[in-house]
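Peer 1: One file is attached below, target35.cif, containing mmCIF, C-alpha atoms.
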```cif
data_protein
#
loop_
_atom_site.label_atom_id
_atom_site.label_comp_id
_atom_site.auth_asym_id
_atom_site.auth_seq_id
_atom_site.Cartn_x
_atom_site.Cartn_y
_atom_site.Cartn_z
CA MET A 1 279.30 154.94 188.52
CA GLN A 2 277.39 157.24 190.82
CA THR A 3 278.97 160.13 192.72
CA MET A 4 278.10 160.47 196.39
CA ASN A 5 276.42 163.35 198.16
CA LEU A 6 278.47 163.64 201.33
CA ASN A 7 277.44 164.30 204.91
CA HIS A 8 279.80 165.56 207.61
CA VAL A 9 280.64 163.05 210.33
CA ASN A 10 279.28 165.61 212.83
CA ASP A 11 275.85 165.33 211.19
CA ASN A 12 273.13 163.48 213.11
CA LYS A 13 272.87 161.06 210.17
CA PHE A 14 276.08 159.47 211.43
CA ASN A 15 274.45 158.44 214.71
CA ARG A 16 273.02 155.21 213.27
CA TYR A 17 276.48 154.10 212.17
CA GLY A 18 278.73 155.16 215.03
CA LYS A 19 279.92 157.96 217.25
CA ILE A 20 282.84 160.36 217.54
CA ILE A 21 285.35 159.47 220.25
CA SER A 22 286.50 162.26 222.54
CA GLY A 23 288.65 162.47 225.66
CA ILE A 24 291.60 160.41 224.34
CA ASP A 25 294.87 162.03 223.24
CA PHE A 26 295.79 160.66 219.79
CA THR A 27 298.81 162.95 219.21
CA ALA A 28 301.51 160.26 219.49
CA LEU A 29 299.47 157.73 217.53
CA LEU A 30 298.84 160.16 214.68
CA SER A 31 302.52 161.08 214.63
CA ALA A 32 303.47 157.40 214.31
CA MET A 33 300.94 157.05 211.48
CA GLN A 34 302.93 159.51 209.37
CA GLU A 35 305.72 156.89 209.17
CA THR A 36 303.43 154.20 207.74
CA PRO A 37 303.57 153.57 203.97
CA LYS A 38 300.89 155.05 201.72
CA PRO A 39 300.84 153.86 198.09
CA ASP A 40 299.68 156.29 195.42
CA ASP A 41 297.62 153.84 193.37
CA ALA A 42 296.48 151.07 195.73
CA VAL A 43 295.22 150.40 199.25
CA VAL A 44 297.25 148.55 201.89
CA TYR A 45 295.96 147.18 205.20
CA GLU A 46 298.01 145.90 208.11
CA PRO A 47 296.07 144.69 211.14
CA SER A 48 298.78 145.01 213.80
CA ILE A 49 301.74 147.42 213.92
CA ALA A 50 303.97 147.52 217.00
CA SER A 51 304.75 151.25 216.80
CA LEU A 52 301.04 152.09 216.78
CA GLU A 53 300.18 149.67 219.56
CA ALA A 54 302.92 151.20 221.74
CA ALA A 55 301.18 154.60 221.80
CA ASP A 56 299.34 155.51 225.01
CA ALA A 57 296.09 155.91 223.07
CA GLY A 58 296.07 152.16 222.45
CA HIS A 59 295.76 151.39 226.15
CA ALA A 60 292.95 153.92 226.51
CA LEU A 61 291.06 152.49 223.53
CA GLN A 62 291.42 148.95 224.85
CA ASN A 63 290.12 149.91 228.28
CA ILE A 64 287.45 152.47 227.42
CA ILE A 65 286.06 151.46 224.02
CA PHE A 66 286.64 147.70 224.05
CA GLY A 67 286.09 147.05 227.77
CA GLU A 68 289.58 145.64 228.37
CA MET A 69 289.38 143.17 225.48
CA PRO A 70 292.80 142.74 223.78
CA VAL A 71 293.01 144.89 220.67
CA GLN A 72 295.18 145.20 217.59
CA ILE A 73 296.10 148.56 216.09
CA GLY A 74 297.00 148.77 212.43
CA TYR A 75 296.41 150.97 209.43
CA CYS A 76 294.62 151.24 206.10
CA ASN A 77 296.44 153.62 203.74
CA GLY A 78 296.43 154.47 200.07
CA SER A 79 294.25 155.89 197.33
CA ASN A 80 290.69 154.84 196.53
CA TYR A 81 287.42 156.29 195.26
CA LEU A 82 285.18 153.23 194.92
CA LEU A 83 282.94 151.23 197.26
CA ASN A 84 283.96 147.80 195.78
CA ALA A 85 282.58 145.83 198.76
CA VAL A 86 281.10 146.11 202.23
CA GLU A 87 282.23 144.25 205.31
CA TYR A 88 281.16 144.04 208.92
CA HIS A 89 282.44 142.55 212.16
CA HIS A 90 280.61 141.25 215.19
CA THR A 91 282.36 143.95 217.21
CA SER A 92 282.90 147.68 216.93
CA GLU A 93 285.80 149.09 214.91
CA VAL A 94 287.64 152.32 215.69
CA ASN A 95 288.98 154.51 212.87
CA ILE A 96 291.31 157.44 213.59
CA ALA A 97 291.77 159.69 210.56
CA ALA A 98 295.40 160.69 210.10
CA THR A 99 294.29 162.59 206.98
CA ASP A 100 290.95 163.82 205.72
CA MET A 101 288.97 160.87 204.38
CA ILE A 102 285.54 159.71 203.25
CA LEU A 103 283.72 156.72 204.73
CA LEU A 104 281.01 154.93 202.72
CA LEU A 105 278.63 153.33 205.23
CA GLY A 106 275.51 151.19 205.36
CA SER A 107 273.53 149.06 207.83
CA GLU A 108 273.74 145.30 208.26
CA GLN A 109 269.98 145.31 208.82
CA ASP A 110 269.51 146.13 205.11
CA ILE A 111 271.20 142.92 203.93
CA THR A 112 268.45 140.76 202.45
CA ALA A 113 267.70 137.12 203.23
CA ASP A 114 269.53 136.07 200.06
CA LEU A 115 272.63 137.98 201.24
CA THR A 116 272.40 140.87 198.80
CA TYR A 117 272.63 144.59 199.52
CA ASP A 118 271.41 147.54 197.44
CA THR A 119 274.24 150.04 196.99
CA SER A 120 271.76 152.92 196.69
CA LEU A 121 271.41 152.69 200.49
CA ILE A 122 275.07 153.64 201.07
CA GLU A 123 275.72 157.03 202.70
CA GLY A 124 279.00 158.95 202.46
CA PHE A 125 280.61 160.84 205.37
CA PHE A 126 283.51 163.27 205.37
CA VAL A 127 285.86 162.65 208.31
CA PRO A 128 288.43 165.42 208.97
CA ALA A 129 292.02 164.60 209.92
CA GLY A 130 292.42 164.00 213.65
CA THR A 131 288.88 162.68 214.14
CA ALA A 132 288.36 159.31 215.83
CA VAL A 133 285.13 157.38 215.33
CA GLU A 134 283.69 154.15 216.64
CA LEU A 135 281.84 152.21 213.92
CA TYR A 136 279.20 149.94 215.41
CA ALA A 137 279.18 146.19 214.77
CA THR A 138 276.13 146.58 212.52
CA THR A 139 277.80 149.19 210.29
CA LEU A 140 278.79 148.12 206.79
CA HIS A 141 282.06 149.68 205.67
CA TYR A 142 285.18 148.99 203.62
CA ALA A 143 288.31 150.90 202.62
CA PRO A 144 287.99 154.69 202.98
CA CYS A 145 287.96 156.98 199.97
CA ASN A 146 290.15 159.98 199.20
CA ALA A 147 288.90 163.36 200.36
CA GLY A 148 291.59 165.03 198.23
CA PRO A 149 294.37 164.24 195.76
CA GLY A 150 296.85 163.01 198.36
CA GLY A 151 295.08 159.77 199.33
CA PHE A 152 294.38 158.79 202.93
CA ARG A 153 295.86 157.32 206.09
CA VAL A 154 293.65 155.87 208.84
CA THR A 155 294.39 153.93 212.00
CA VAL A 156 292.22 150.82 212.41
CA VAL A 157 291.58 149.36 215.87
CA LEU A 158 289.82 146.01 216.29
CA PRO A 159 289.74 143.09 218.72
CA ARG A 160 292.97 141.13 218.40
CA GLY A 161 292.88 138.50 215.67
CA THR A 162 290.29 140.25 213.49
CA ASN A 163 291.00 140.08 209.74
CA THR A 164 293.61 137.36 210.19
CA PRO A 165 293.36 134.03 208.31
CA LEU A 166 290.64 131.54 209.21
CA MET A 167 291.77 128.41 211.04
CA GLN A 168 288.82 126.12 210.27
CA GLN A 169 286.78 124.97 207.27
CA HIS A 170 283.39 126.68 207.09
CA ASP A 171 280.25 125.10 205.69
CA ARG A 172 279.42 128.17 203.56
CA GLN A 173 275.72 128.11 204.44
CA GLY A 174 273.73 131.22 205.36
CA GLU A 175 275.82 134.06 206.79
CA ASP A 176 278.79 131.71 206.81
CA ARG A 177 278.99 132.25 203.03
CA LEU A 178 280.28 135.77 203.79
CA ILE A 179 283.12 134.98 206.17
CA THR A 180 286.53 135.61 204.62
CA ALA A 181 288.76 136.07 207.70
CA LYS A 182 288.41 135.98 211.47
CA ASN A 183 285.57 138.27 212.56
CA LYS A 184 285.13 139.51 208.97
CA TRP A 185 282.05 139.07 206.81
CA LEU A 186 282.30 140.47 203.27
CA ILE A 187 279.91 141.16 200.39
CA GLY A 188 281.62 142.09 197.13
CA HIS A 189 280.64 144.03 194.03
CA ALA A 190 281.12 142.44 190.61
CA GLU A 191 283.43 145.32 189.67
CA GLY A 192 285.47 145.07 192.89
CA GLY A 193 288.20 142.75 191.59
CA HIS A 194 287.72 140.18 194.36
CA ASP A 195 289.33 136.79 194.80
CA LYS A 196 287.44 133.65 193.86
CA GLY A 197 285.10 132.61 196.64
CA VAL A 198 284.07 136.09 197.73
CA HIS A 199 280.27 136.37 197.76
CA ILE A 200 279.21 138.88 195.08
CA GLY A 201 276.04 140.32 196.52
CA LEU A 202 276.19 144.10 196.07
CA LYS A 203 273.41 145.09 193.69
CA GLY A 204 273.47 148.41 191.84
CA VAL A 205 276.27 150.74 190.81
CA ASN A 206 279.71 150.58 192.35
CA ILE A 207 279.47 153.86 194.30
CA SER A 208 282.21 156.41 193.61
CA ALA A 209 283.34 159.29 195.81
CA ALA A 210 285.31 160.88 192.97
CA GLY A 211 284.31 164.50 192.51
CA ALA A 212 282.20 164.61 195.66
CA VAL A 213 281.78 168.06 197.19
CA LEU A 214 283.06 168.11 200.75
CA PRO A 215 280.52 169.42 203.28
CA LYS A 216 281.25 172.33 205.58
CA GLY A 217 281.31 171.89 209.32
#
```
Could I get this structure in the form of structure tokens?

Peer 2:
Amino acid sequence: MQTMNLNHVNDNKFNRYGKIISGIDFTALLSAMQETPKPDDAVVYEPSIASLEAADAGHALQNIIFGEMPVQIGYCNGSNYLLNAVEYHHTSEVNIAATDMILLLGSEQDITADLTYDTSLIEGFFVPAGTAVELYATTLHYAPCNAGPGGFRVTVVLPRGTNTPLMQQHDRQGEDRLITAKNKWLIGHAEGGHDKGVHIGLKGVNISAAGAVLPKG
């Protein structure tokens, strides 16, 4: 497994993947995040949590970032160092770091015609606690990685219904081979421990953020 060289989210290299969100007060939302569970040896994701959606920041995100589209606000918490997979949505995603964390990111444009992706193209970014970022629809991402021994907590904001179970049978042709939930397209790594049916298309090493040196900035 290969260790990442990390960039800071403030670095211009992040511009192709997303942007930092400013002008919204996340104090109450980040406080509510401290009450969400964080396992020590796994990653948990919940797409919609009432206490998070009740925070004033949720209304601002819905109106300003998502143009008044209904949103869901949940969390992804736990401990992780590996890439394991990449996913993308056909909409932006907002991440608000309740702790320091590392994001491993790539570009949908680098997925090949046979639906494979070279993991050597992944770039790692350190995101300090309290930072909110919009990840563009074309940005490949998955669960964050630990930036320290205590694991991570991150708020995840997406259009309502994203990552919930599919309601229809899909023909599994072309890009449709990647869909695993509503508004979620996934490419797994052979070492990622995925369920049967997940398209295994990540080629190369399963990138690890373990031991990465955090950038200054």

Peer 1: When you draw a straight line from CA of Asn95 in chain A to CA of Val156 in chain A, how long is it in Å?

Peer 2: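 So the two atoms, CA of Asn95 in chain A and CA of Val156 in chain A, lie 4.9 Å apart.
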
Peer 1: Which is closest to Lys203 in chain A among A:Asn10, A:Thr116, A:Ser31, A:Gln109, if we use only C-alpha atoms?

Peer 2: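 The answer is A:Thr116, which sits nearest to Lys203 in chain A.
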
Peer 1: Kindly indicate which residue among A:Val157, A:Leu29, A:Leu214, A:Val43 lies nearest to Ala143 in chain A, using all atoms listed in the file for the distances.

Peer 2: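 Among the listed residues, the smallest separation from Ala143 in chain A belongs to A:Val43.
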
Peer 1: With all atoms listed in the file as the basis for distance, which of A:Ser22, A:Asn146, A:Gln173, A:Thr99 is at the shortest distance from Asp114 in chain A?

Peer 2: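 Checking each of A:Ser22, A:Asn146, A:Gln173, A:Thr99 against Asp114 in chain A, counting all atoms listed in the file, the winner is A:Gln173.
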
Peer 1: In Å, how far is it from CA of His90 in chain A to CA of Leu202 in chain A?

Peer 2: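 Going from CA of His90 in chain A over to CA of Leu202 in chain A, I get 19.8 Å.
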
Peer 1: For a test of reading the model, state the distance in Å between CA of Thr27 in chain A and CA of His59 in chain A, rounded to one decimal.

Peer 2: 13.8 Å

Peer 1: If you count all atoms listed in the file, which residues fall within 12 Å of Gly161 in chain A, apart from same-chain ones fewer than 4 positions away, as a PyMOL selection string?

Peer 2: chain A and resi 46-48+69-74+89+91+157+165-167+181-184

Peer 1: Expanded to explicit residues, what is the PyMOL selection byres ((chain A and resi 204) around 9) for this file, as a PDB file with C-alpha atoms, in the frame of the given file?

Peer 2:
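expr-v8.pdb written:
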```
ATOM      1  CA  TYR A 117     272.630 144.590 199.520  1.00  0.00           C
ATOM      2  CA  ASP A 118     271.410 147.540 197.440  1.00  0.00           C
ATOM      3  CA  THR A 119     274.240 150.040 196.990  1.00  0.00           C
ATOM      4  CA  SER A 120     271.760 152.920 196.690  1.00  0.00           C
ATOM      5  CA  HIS A 189     280.640 144.030 194.030  1.00  0.00           C
ATOM      6  CA  LEU A 202     276.190 144.100 196.070  1.00  0.00           C
ATOM      7  CA  LYS A 203     273.410 145.090 193.690  1.00  0.00           C
ATOM      8  CA  VAL A 205     276.270 150.740 190.810  1.00  0.00           C
ATOM      9  CA  ASN A 206     279.710 150.580 192.350  1.00  0.00           C
ATOM     10  CA  ILE A 207     279.470 153.860 194.300  1.00  0.00           C
TER      11      ILE A 207
END
```

Peer 1: Write out as a ChimeraX atom specification each polymer residue whose atoms come within 7 Å of Ile24 in chain A, counting all atoms listed in the file; drop sequence neighbours fewer than 2 positions from it.

Peer 2: /A:22,26,57,60

Peer 1: Taking the file as shown, what set of residues would the PyMOL selection byres ((chain A and resi 101) around 6) give back, as a PyMOL selection string?

Peer 2: chain A and resi 100+102+127+145-147+152

Peer 1: Take the residues from that selection and write them out as a PDB file, keeping the file's coordinate frame, keeping C-alpha atoms.

Peer 2:
```
ATOM      1  CA  ASP A 100     290.950 163.820 205.720  1.00  0.00           C
ATOM      2  CA  ILE A 102     285.540 159.710 203.250  1.00  0.00           C
ATOM      3  CA  VAL A 127     285.860 162.650 208.310  1.00  0.00           C
ATOM      4  CA  CYS A 145     287.960 156.980 199.970  1.00  0.00           C
ATOM      5  CA  ASN A 146     290.150 159.980 199.200  1.00  0.00           C
ATOM      6  CA  ALA A 147     288.900 163.360 200.360  1.00  0.00           C
ATOM      7  CA  PHE A 152     294.380 158.790 202.930  1.00  0.00           C
TER       8      PHE A 152
END
```

Peer 1: Identify, on the basis of all atoms listed in the file, every residue whose closest approach to Ala113 in chain A does not exceed 12 Å; exclude the query and any residue fewer than 6 positions from it along the same chain; express the result as a list in words.

Peer 2: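 The contact residues come out as Gly174, Glu175 and Gly201 of chain A.
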
Peer 1: For Asp11 in chain A, find every residue with an atom within 10 Å (counting all atoms listed in the file), except residues of its own chain fewer than 3 positions away, and show them as a short mmCIF file (atom, residue, chain, number, x, y, z; two decimals) with C-alpha atoms, in the frame of the given file.

Peer 2:
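Result file is out-v6.cif:
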```cif
data_model
loop_
_atom_site.label_atom_id
_atom_site.label_comp_id
_atom_site.auth_asym_id
_atom_site.auth_seq_id
_atom_site.Cartn_x
_atom_site.Cartn_y
_atom_site.Cartn_z
CA ASN A 7 277.44 164.30 204.91
CA HIS A 8 279.80 165.56 207.61
CA PHE A 14 276.08 159.47 211.43
CA ASN A 15 274.45 158.44 214.71
CA PHE A 125 280.61 160.84 205.37
CA PHE A 126 283.51 163.27 205.37
CA GLY A 217 281.31 171.89 209.32
#
```

Peer 1: Using all atoms listed in the file, which of the listed residues (A:Leu104, A:Val9, A:Ala85, A:Ala98) sits closest to Ile187 in chain A?

Peer 2: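 So, comparing all the options, the nearest one is A:Ala85.
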
Peer 1: Hey, what comes out of the PyMOL selection byres ((chain A and resi 209) around 10) on this file? Could you write it as a list in words?

Peer 2: Met1, Gln2, Thr3, Met4, Asn5, Leu6, Asn80, Tyr81, Leu82, Leu83, Ile102, Leu103, Leu104, Gly124, Pro144, Cys145, Asn146, Ala147, Ile207, Ser208, Ala210, Gly211, Ala212 and Val213 of chain A

Peer 1: Kindly reconstruct range 30-44 of chain A with N, CA and C atoms and present the result as a short mmCIF file (atom, residue, chain, number, x, y, z; two decimals), keeping the file's coordinate frame.

Peer 2:
```cif
data_model
loop_
_atom_site.label_atom_id
_atom_site.label_comp_id
_atom_site.auth_asym_id
_atom_site.auth_seq_id
_atom_site.Cartn_x
_atom_site.Cartn_y
_atom_site.Cartn_z
N LEU A 30 298.91 159.53 215.99
CA LEU A 30 298.84 160.16 214.68
C LEU A 30 300.23 160.50 214.15
N SER A 31 301.15 160.84 215.05
CA SER A 31 302.52 161.08 214.63
C SER A 31 303.15 159.81 214.08
N ALA A 32 302.94 158.68 214.77
CA ALA A 32 303.47 157.40 214.31
C ALA A 32 302.86 156.99 212.97
N MET A 33 301.61 157.38 212.74
CA MET A 33 300.94 157.05 211.48
C MET A 33 301.64 157.69 210.28
N GLN A 34 302.27 158.83 210.48
CA GLN A 34 302.93 159.51 209.37
C GLN A 34 304.12 158.71 208.83
N GLU A 35 304.61 157.74 209.60
CA GLU A 35 305.72 156.89 209.17
C GLU A 35 305.25 155.63 208.46
N THR A 36 303.94 155.40 208.40
CA THR A 36 303.43 154.20 207.74
C THR A 36 303.33 154.43 206.24
N PRO A 37 303.57 153.40 205.43
CA PRO A 37 303.57 153.57 203.97
C PRO A 37 302.19 153.87 203.42
N LYS A 38 302.15 154.70 202.38
CA LYS A 38 300.89 155.05 201.72
C LYS A 38 301.10 155.00 200.20
N PRO A 39 300.68 153.93 199.54
CA PRO A 39 300.84 153.86 198.09
C PRO A 39 299.96 154.88 197.38
N ASP A 40 300.41 155.27 196.18
CA ASP A 40 299.68 156.29 195.42
C ASP A 40 298.55 155.71 194.58
N ASP A 41 298.59 154.41 194.30
CA ASP A 41 297.62 153.84 193.37
C ASP A 41 297.03 152.52 193.86
N ALA A 42 297.02 152.30 195.16
CA ALA A 42 296.48 151.07 195.73
C ALA A 42 296.11 151.33 197.19
N VAL A 43 295.56 150.32 197.84
CA VAL A 43 295.22 150.40 199.25
C VAL A 43 295.93 149.26 199.98
N VAL A 44 296.59 149.57 201.09
CA VAL A 44 297.25 148.55 201.89
C VAL A 44 296.63 148.53 203.29
#
```
